[in-house]
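Single-structure report; data block below.
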Amino acid sequence: MGTIHLFRKPQRSFFGKLLQEFRLVAADRRTWKILLFGVINLICTGFLLMWCSSTNSIALTAYTYLTIFDLFSLITCLISYWVMMRKPSPVYSFGFERLEVLAVFASTVLAQLGALFILKESAERFLEQPEIHTGRLLVGTFVALSFNLFTMLSVRNKPFTYVSEAASTSWLQEHVADLSRSLCGIIPGLSSIFLPRMNPFVLIDLAGAFALCITYMLIEINNYFAVDTASAIAIALMTFGTMYPMSVYSGKVLLQTTPPHVIGQLDKLIREVSTLDGVLEVRNEHFWTLGFGSLAGSVHVRIRRDANEQMVLAHVTNRLYTLVSTLTVQIFKDDWIRPALVSGPVTANVLNFSDHHIIPMPLLKTTDDLNPVTSTPAKPSSPPPEFSFNTPGKNVSPVILLNTQTRPYGIGLNHGHTPYSSMLNQGLRVPGIGATHGFRTGFTNIPSRYGSNNRIGQPRP
């Protein structure tokens, strides 16, 4: 049986937690205006949808979708205030800034889906064009325009303001900017309004209202009902073209990419960090966008053995903190790790091959296979050579390297002048071969001079 908790707090449902967080946001007076505009938006949307049904105008329906998008933007603004109130938790160590990025991405994608729905309905209307009633068409246009402009200019929506400035320009903004340059050349006072580029939300509201006014005029004059479908397609294309750059930008933030406009600045900071006193190498650097206007990153810094870790950490953080708000720096000192050669008799623990590195080499040749001149198989009566003219290292047995951490000068070899005779007896020790294994030829029974009495094999003829 598990532990019994007598006074355990009851688990709240999802709606209970949502209501608790809503009360937290509503406690701030800055959110009251947003809630008021949200209520007015719901009322206006309801009236506009009724007028769309009475007029049978799909262009007014497409324009009403912009009012629904305003409702999504108000919800995003509330989420932004909630993110500012919440602090990072052990589960969400980076905070909740990505939630407002997700809200912007969802709002723009839903607006594009609405535009695609309008395009589909407009394609069906081209086959059979219904009659359009203009009784409430112009009234609905001005109601939607006034409310959209009033909402965009009255409520300070931080996420959408940042995205509209950071994202690339839409095709509608580019064309209007070209016209604005020509107009500002005649009237310079308008440059503060139209240049360098207009607010995309204000621009699409004005362009949609202008299309509906043309639709009303043509239907009233010539009963040209097909212009309503054409205006709906134009509003849908403008909506899609305006929302697409914003959804791409917010999507890249969700994918944790590095913004292109800060890559050069990051490279410059990394070069400055690599030149700090004690820093040997900067590697494994990774930087990504955490939220709108905030960067996060991690970097590994290798320093000298005599460097002060805390001092280097402070300097690195000071350099990168100007651009990266959330930074993780891993400091590690330089290590000198070199393997040691075995010298002397091989002990029993050396045979534990899991703790050593073995360099495989070819097997040794016997005395019967060596020729003193040509290195070809010789006759049995031939005496063994003093030197072997084979390829260097060809007659050397496997060498066992100890997996120990020592300094470069402690590799286990004896230094100084060693007589030639003692060198023959010293040799590299390997498993499976006696302690008198030679160093140069691999044989210890070789005479010191050619033709001595110590011979191997049969006597000379």
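Every chain in the structure tokens has a letter given in the order shown (A, B, ...), and although residue numbers restart at 1 in each chain, ligands are simply numbered from 1 in the order shown.
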Please build the interface table for segment 47-152 of chain A against segment 286-299 of chain A with a cut-off of 9 Å, listing for each qualifying residue the nearest atom pair and the distance in Å to one decimal; count only C-alpha atoms, order rows by chain and increasing number, and write it as a Markdown table.
| residue | atom | partner | partner_atom | distance |
| --- | --- | --- | --- | --- |
| A:Phe94 | CA | A:Leu290 | CA | 7.8 |
| A:Phe96 | CA | A:Gly291 | CA | 8.7 |
| A:Glu97 | CA | A:Gly291 | CA | 5.2 |
| A:Arg98 | CA | A:Gly291 | CA | 5.4 |
| A:Leu99 | CA | A:Gly291 | CA | 8.5 |
| A:Glu100 | CA | A:Gly291 | CA | 7.9 |
| A:Val101 | CA | A:Gly291 | CA | 6.5 |
All residues 12 Å or closer to Asp267 of chain A, only C-alpha atoms, same chain fewer than 3 positions away omitted, as a count of residues only: 17
From segment 97-170 of chain A, collect each residue whose DSSP state is alpha helix (DSSP H) and return the set as a PyMOL selection string. chain A and resi 97-127+137-154+158-166
Pick out the residues sitting within 8 Å of segment 77-83 of chain A, and hand them over as a list in words; count only C-alpha atoms, and ignore anything fewer than 5 positions along from it in its own chain.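 In the requested format, the answer is Glu21, Leu24, Val25, Thr31, Ile34, Gly95, Phe96, Glu97, Leu99, Glu100, Ala103, Asn157, Lys158 and Pro159 of chain A.
Picture a line from atom CA of Phe72 of chain A to atom CA of Ser89 of chain A; it runs 26.9 Å.
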I need the residues in segment 64-301 of chain A that are strand (DSSP E or B) according to DSSP; give them as a compact mmCIF listing (two decimals) with N, CA, C and O atoms, in the first residue's frame.
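The new file selection-v1.txt reads:
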# COMPACT_ATOMS: atom_id res chain seq x y z
N VAL A 279 40.98 32.30 -22.05
CA VAL A 279 40.09 31.51 -22.90
C VAL A 279 40.91 30.88 -24.02
O VAL A 279 41.62 31.57 -24.76
N LEU A 280 40.81 29.56 -24.16
CA LEU A 280 41.51 28.84 -25.22
C LEU A 280 40.60 28.54 -26.40
O LEU A 280 41.04 28.57 -27.55
N GLU A 281 39.33 28.26 -26.13
CA GLU A 281 38.43 27.84 -27.21
C GLU A 281 36.99 28.10 -26.80
O GLU A 281 36.63 27.93 -25.62
N VAL A 282 36.18 28.50 -27.75
CA VAL A 282 34.73 28.65 -27.57
C VAL A 282 34.06 27.73 -28.57
O VAL A 282 34.25 27.86 -29.78
N ARG A 283 33.27 26.79 -28.11
CA ARG A 283 32.68 25.80 -29.00
C ARG A 283 31.28 25.45 -28.51
O ARG A 283 30.85 25.84 -27.43
N ASN A 284 30.60 24.67 -29.36
CA ASN A 284 29.23 24.20 -29.07
C ASN A 284 28.29 25.36 -28.74
O ASN A 284 27.42 25.23 -27.88
N GLU A 285 28.46 26.49 -29.42
CA GLU A 285 27.57 27.62 -29.17
C GLU A 285 26.25 27.41 -29.91
O GLU A 285 26.24 26.96 -31.05
N HIS A 286 25.18 27.71 -29.22
CA HIS A 286 23.84 27.56 -29.80
C HIS A 286 22.96 28.67 -29.25
O HIS A 286 22.85 28.84 -28.03
N PHE A 287 22.36 29.44 -30.15
CA PHE A 287 21.51 30.55 -29.76
C PHE A 287 20.18 30.43 -30.50
O PHE A 287 20.16 30.07 -31.68
N TRP A 288 19.11 30.73 -29.81
CA TRP A 288 17.78 30.64 -30.42
C TRP A 288 16.88 31.71 -29.80
O TRP A 288 17.19 32.29 -28.76
N THR A 289 15.77 31.96 -30.48
CA THR A 289 14.80 32.96 -30.03
C THR A 289 13.84 32.33 -29.04
O THR A 289 13.15 31.37 -29.36
N LEU A 290 13.84 32.88 -27.84
CA LEU A 290 12.95 32.36 -26.80
C LEU A 290 11.56 32.95 -26.91
O LEU A 290 10.56 32.26 -26.76
N GLY A 291 11.48 34.23 -27.15
CA GLY A 291 10.21 34.93 -27.30
C GLY A 291 10.42 36.13 -28.20
O GLY A 291 11.46 36.26 -28.86
N SER A 294 13.60 38.38 -27.20
CA SER A 294 14.47 37.77 -26.19
C SER A 294 15.17 36.55 -26.79
O SER A 294 14.53 35.71 -27.43
N LEU A 295 16.49 36.48 -26.56
CA LEU A 295 17.31 35.38 -27.05
C LEU A 295 17.78 34.53 -25.89
O LEU A 295 18.01 35.03 -24.78
N ALA A 296 17.94 33.25 -26.14
CA ALA A 296 18.52 32.32 -25.18
C ALA A 296 19.68 31.60 -25.86
O ALA A 296 19.71 31.48 -27.09
N GLY A 297 20.64 31.15 -25.06
CA GLY A 297 21.79 30.49 -25.67
C GLY A 297 22.59 29.71 -24.65
O GLY A 297 22.44 29.87 -23.43
N SER A 298 23.44 28.83 -25.17
CA SER A 298 24.37 28.05 -24.37
C SER A 298 25.69 27.96 -25.11
O SER A 298 25.72 27.91 -26.35
N VAL A 299 26.79 27.95 -24.36
CA VAL A 299 28.11 27.94 -24.96
C VAL A 299 29.08 27.22 -24.01
O VAL A 299 28.92 27.27 -22.79
N HIS A 300 30.05 26.51 -24.59
CA HIS A 300 31.11 25.83 -23.85
C HIS A 300 32.41 26.61 -24.05
O HIS A 300 32.77 26.92 -25.18
N VAL A 301 33.10 26.88 -22.95
CA VAL A 301 34.34 27.66 -22.99
C VAL A 301 35.45 26.83 -22.35
O VAL A 301 35.32 26.42 -21.19
Separation of atom CA of Ile219 of chain A and atom CA of Ile233 of chain A, in Å?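 Computed distance, atom CA of Ile219 of chain A to atom CA of Ile233 of chain A, equals 16.6 Å.
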Mind checking which residues fall within 10 Å of Leu149 of chain A, counting only C-alpha atoms, ignoring those fewer than 2 positions away in the same chain, and posting them as a tab-separated table (two decimals) with N, CA, C and O atoms, in the first residue's frame?
chain	number	residue	atom	x	y	z
A	70	ASP	N	-9.70	40.58	-34.85
A	70	ASP	CA	-9.48	41.53	-33.76
A	70	ASP	C	-9.77	40.90	-32.40
A	70	ASP	O	-9.07	41.20	-31.41
A	144	ALA	N	-17.92	48.06	-39.11
A	144	ALA	CA	-16.74	47.20	-38.97
A	144	ALA	C	-15.45	48.02	-39.06
A	144	ALA	O	-14.50	47.80	-38.29
A	145	LEU	N	-15.40	49.00	-39.98
A	145	LEU	CA	-14.19	49.81	-40.12
A	145	LEU	C	-13.92	50.64	-38.87
A	145	LEU	O	-12.78	50.69	-38.38
A	146	SER	N	-14.95	51.28	-38.36
A	146	SER	CA	-14.75	52.14	-37.18
A	146	SER	C	-14.32	51.31	-35.96
A	146	SER	O	-13.43	51.71	-35.20
A	147	PHE	N	-14.93	50.15	-35.80
A	147	PHE	CA	-14.56	49.34	-34.64
A	147	PHE	C	-13.14	48.79	-34.79
A	147	PHE	O	-12.37	48.76	-33.81
A	151	THR	N	-10.13	49.75	-32.24
A	151	THR	CA	-9.47	48.71	-31.45
A	151	THR	C	-7.96	48.71	-31.67
A	151	THR	O	-7.18	48.62	-30.72
A	152	MET	N	-7.52	48.82	-32.92
A	152	MET	CA	-6.10	48.77	-33.22
A	152	MET	C	-5.35	49.98	-32.66
A	152	MET	O	-4.20	49.86	-32.24
A	153	LEU	N	-6.00	51.14	-32.65
A	153	LEU	CA	-5.32	52.35	-32.22
A	153	LEU	C	-5.47	52.62	-30.72
A	153	LEU	O	-4.70	53.41	-30.17
A	154	SER	N	-6.42	51.97	-30.07
A	154	SER	CA	-6.66	52.23	-28.64
A	154	SER	C	-5.96	51.22	-27.74
A	154	SER	O	-5.48	51.58	-26.66
A	201	PHE	N	-2.31	46.16	-40.26
A	201	PHE	CA	-3.70	45.95	-39.86
A	201	PHE	C	-4.57	47.15	-40.24
A	201	PHE	O	-5.71	46.98	-40.71
A	202	VAL	N	-4.05	48.34	-40.05
A	202	VAL	CA	-4.79	49.54	-40.47
A	202	VAL	C	-4.92	49.56	-41.98
A	202	VAL	O	-5.98	49.94	-42.54
A	203	LEU	N	-3.88	49.14	-42.67
A	203	LEU	CA	-3.90	49.16	-44.14
A	203	LEU	C	-4.94	48.20	-44.69
A	203	LEU	O	-5.70	48.54	-45.62
A	205	ASP	N	-7.62	47.13	-43.16
A	205	ASP	CA	-8.96	47.63	-42.82
A	205	ASP	C	-9.41	48.70	-43.82
A	205	ASP	O	-10.56	48.69	-44.29
A	206	LEU	N	-8.52	49.61	-44.15
A	206	LEU	CA	-8.87	50.66	-45.11
A	206	LEU	C	-9.08	50.10	-46.51
A	206	LEU	O	-10.02	50.51	-47.23
Between A:Val139, A:Met50, A:Leu35, A:Ala232, which one has atoms that come closest to Gly208 of chain A, using only C-alpha atoms? A:Ala232
